[in-house]
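In what follows, a structure is listed as structure tokens, so that the remarks can point back to it.
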Amino acid sequence: MGRSWSSMDDFESFLDDGGIVEVDDEMPDAYRNAVFAFIEMHANSELMGGLTERDWIPRTPGLRHKMAVLAKTQDEIGHGHLLYMVAADMGLKTRREMLEDLFAGQSKFHNVFHYRAATWGDQVAISFLVDAAALASQQAVFKNCSYGPYRRILKRIISEEGFHMRMGEERMMLIAEGTDFQRAMFQQSLDNWWWPALQLFGPDSKPDDVLLRWHIKSERNEVLRARWVQKFAPLLISYGFTIPDPGLVHDAEADTWTAGPIDWEPLKRTLAMGGPDSARRIGEAAANWADTHWVREAMDTAPERSAGAPA
Amino acid sequence: MTALTGGVREFVLAFADDEHLMGQQHTEWIGIAPFLEEDLAFSSIGQDELGHAAALYAIVLGGGDSDEPVDDRQLDALAFDPDPLRWRSANLTEIRTDDWAHALVRHWLYDTAEQLRWELVADSSLPALAGAAARAEREEWFHRRHADGLLDVLLPAPDAGERLRAALADLLPVAVGLFDPVAGEVEAVAAGVTAAPFDTRMPEWIDRVRSRFDTDLPLSTRSPAGRTTRSDAFGPLLSRMREVLDLDPAATW
């Protein structure tokens with residue numbers, strides 16, 4: 001048995017002093033529930049992100065390119081695999097329960113994966129814009145994360161996501177320097193994915209956000225969001241693309257870029273499983289899960305068969 | 001760089017096509033396998049097979065023994081050739097399946113045959129091919145262990161065993177086509193590129209199939225086409241593989 005704390009104040013003082021919570025500690029239920037929900041959503045998002053990308057992997061234009069894209073998506077599924085284990089160790093749900101809740105539409109995943117990758121350009125936009133947004137969020141969690149098992153897994157995830165973002169950037173640059181068709185395709189993808197990627201950071205953090213107070217998040221949503229706009233708006237404009245935000249403001253003197261007003265309704269719809277591709281995404285995942293039930297059943301009953309076998 | 005020609009080219013090209021399409025088929029399973037570990041395993045195996053294909057296509061193009069690498073455009077022009085008449089793939093690798101029993105049984109059948117195929121070129125007169133065989137075998141050992149590990153657990157289970165044996169009955173008549181002699185194989189044997197015709201190893205493969213699946217299914221329905229005909233599945237498969245490439249022939253992705 002690990003450590004325990006006499007009160008929430010005592011626990012929060014421990015966190016404020018840079019304390020790291022481990023899985024066998026007697027952490028307060030509220031902390032356990034909040035951290036578990038955060039990690040479960042992260043795990044679900046890695047898996048659903050992989051499902052969003054998988055549609056295009058067999059169509060990747062190039063043999064070595066396909067190997068790289070497959071490895072990238074394998075990383076994403078692998079992140080989900082690791083995160084589900086970290087979450088399951090918290091004792092609230094098994095991995096299978098988490099997956100079955102996900103496929104039943106009863107647990108959350110990031111807004112961006114409620115959209116469909118309709119073109120190869122979308123695939124590149126995900127790898128560039130969305131992975132960069134996710135990476136920024138993960139880095140902000142890793143920086144000061146109070147839950148030890150999550151922090152350790154994040155170190156690996158962040159390292160791999162950095163490669164993904166650079167791969168996305170490299171492919172975006174090839175497109176930017178490519179044909180009119182390629183540039184038009186990517187502009188359409190930018191139009192489709194700019195806002196969902198920006199909304200991935202969420203609305204401004206509330207003053208009483210427990211994830212900030214308990215040192216899971218280290219930066220406010222609006223700070224991360226503004227930093228992302230500051231990086232990607234000028235970069236994409238420099239490649240000749242147009243940012244689909246008529247309210248985007250460039251302060252030439254300070255060289256800062258600020259997004260216009262954000263419509264949060266699309267984000268709310270995805271949280272209610274009502275995004276543009278939510279029903280198909282969840283429905284197909286659930287159907288695939290059901291189609292392969294016989295494998296899991298055979299695995300589950302293998303010890304019984306083994307026990308009943310002649311010596 | 002000196003590209004291969006004649007029968008030797010045909011021989012290596014057929015091997016490359018099989019590896020390419022088998023890897024392609026494995027890419028279809030990421031994210032939808034029965035459990036997460038299988039998503040990861042099929043992805044790894046798919047990457048290995050695509051890597052073998054890239055190495056073999058490079059040998060065809062003459063880059064195998066050269067310090068000058070084959071660039072992606074050259075490689076992809078061969079690997080994604082839009083002309084079906086160019087292809088020498090075995091029909092087993094062309095079939096798309098959405099049934100995991102078929103995917104697993106094909107994985108086992110193909111990789112068991114693949115081991116025998118690499119063994120025949122382990123001492124090839126083409127040093128690059130011998131080198132590729134040595135590298136591939138290190139990976140293939142894991143592929144076979146993966147498939148066998150699953151079959152060890154699944155075949156004794158009543159429902160799973162029935163599904164897998166039904167998949168075997170579907171796939172075996174096609175799988176034997178892996179051993180159909182490629183046009184040019186005689187030349188490849190004479191040149192020492194491969195130690196013997198591939199079908200000389202077929203009895204060993206049949207023994208392994210019968211032992212693994214405890215089956216007496218007939219195994220003699222081979223196609224005389226010599227790898228020159230494509231299955232009905234090939235057209236849709238090639239279209240899928242070329243979908244982005246065909247959007248704009250001038251584009252580099």
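Chains: A, B, ... in order of the structure tokens. Residues: from 1 per chain. Ligands: from 1, in order shown.
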
Write down, as a PyMOL selection string, each residue of chain B that has any atom within 8 Å of an atom of chain A, counting only C-alpha atoms.
chain B and resi 24+27-28+30-37+39-40+43-44+47+50-51+54+72+75-76+79-80+99-100+153-154+157+159-160+240-245+248+250-253

Show me, as a PyMOL selection string, the residues that have an atom within 8 Å of Ser124 of chain B when counting only C-alpha atoms, minus same-chain residues fewer than 5 positions from it.
chain B and resi 129-130+192-195

I'd like the contact shell of segment 144-152 of chain B - 10 Å cut-off, only C-alpha atoms, skipping same-chain residues fewer than 5 positions apart - returned as number ranges by chain.
A: 295, 299, 302; B: 38, 41-42, 45, 104-112, 114-115, 139, 157, 160-161, 164, 212-213

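Closest approach to His26 of chain B among B:Asp83, B:Asp98, B:Asp207, B:Glu10 is made by B:Asp98 (distances from only C-alpha atoms).
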
Mind listing the helix (DSSP H, G or I) residues of segment 14-205 of chain B, per DSSP on the backbone, as a ChimeraX atom specification?
/B:14-27,36-60,72-79,84-86,91-93,100-120,127-154,158-179,185-190,198-205

Residue with the minimum atom-to-atom distance to Val86 of chain A, picked from A:Ala133, A:Ala117, A:Ala43, A:Ala30 with only C-alpha atoms counted, is A:Ala43

Using only C-alpha atoms, which protein or nucleic acid residues come within 8 Å of Met22 of chain B? Drop anything in the same chain fewer than 4 positions from it, and give the result as a list of chain:residue names.
B:Asp18, B:His26, B:Gly46, B:Glu49, B:Leu50, B:Thr93, B:Glu94
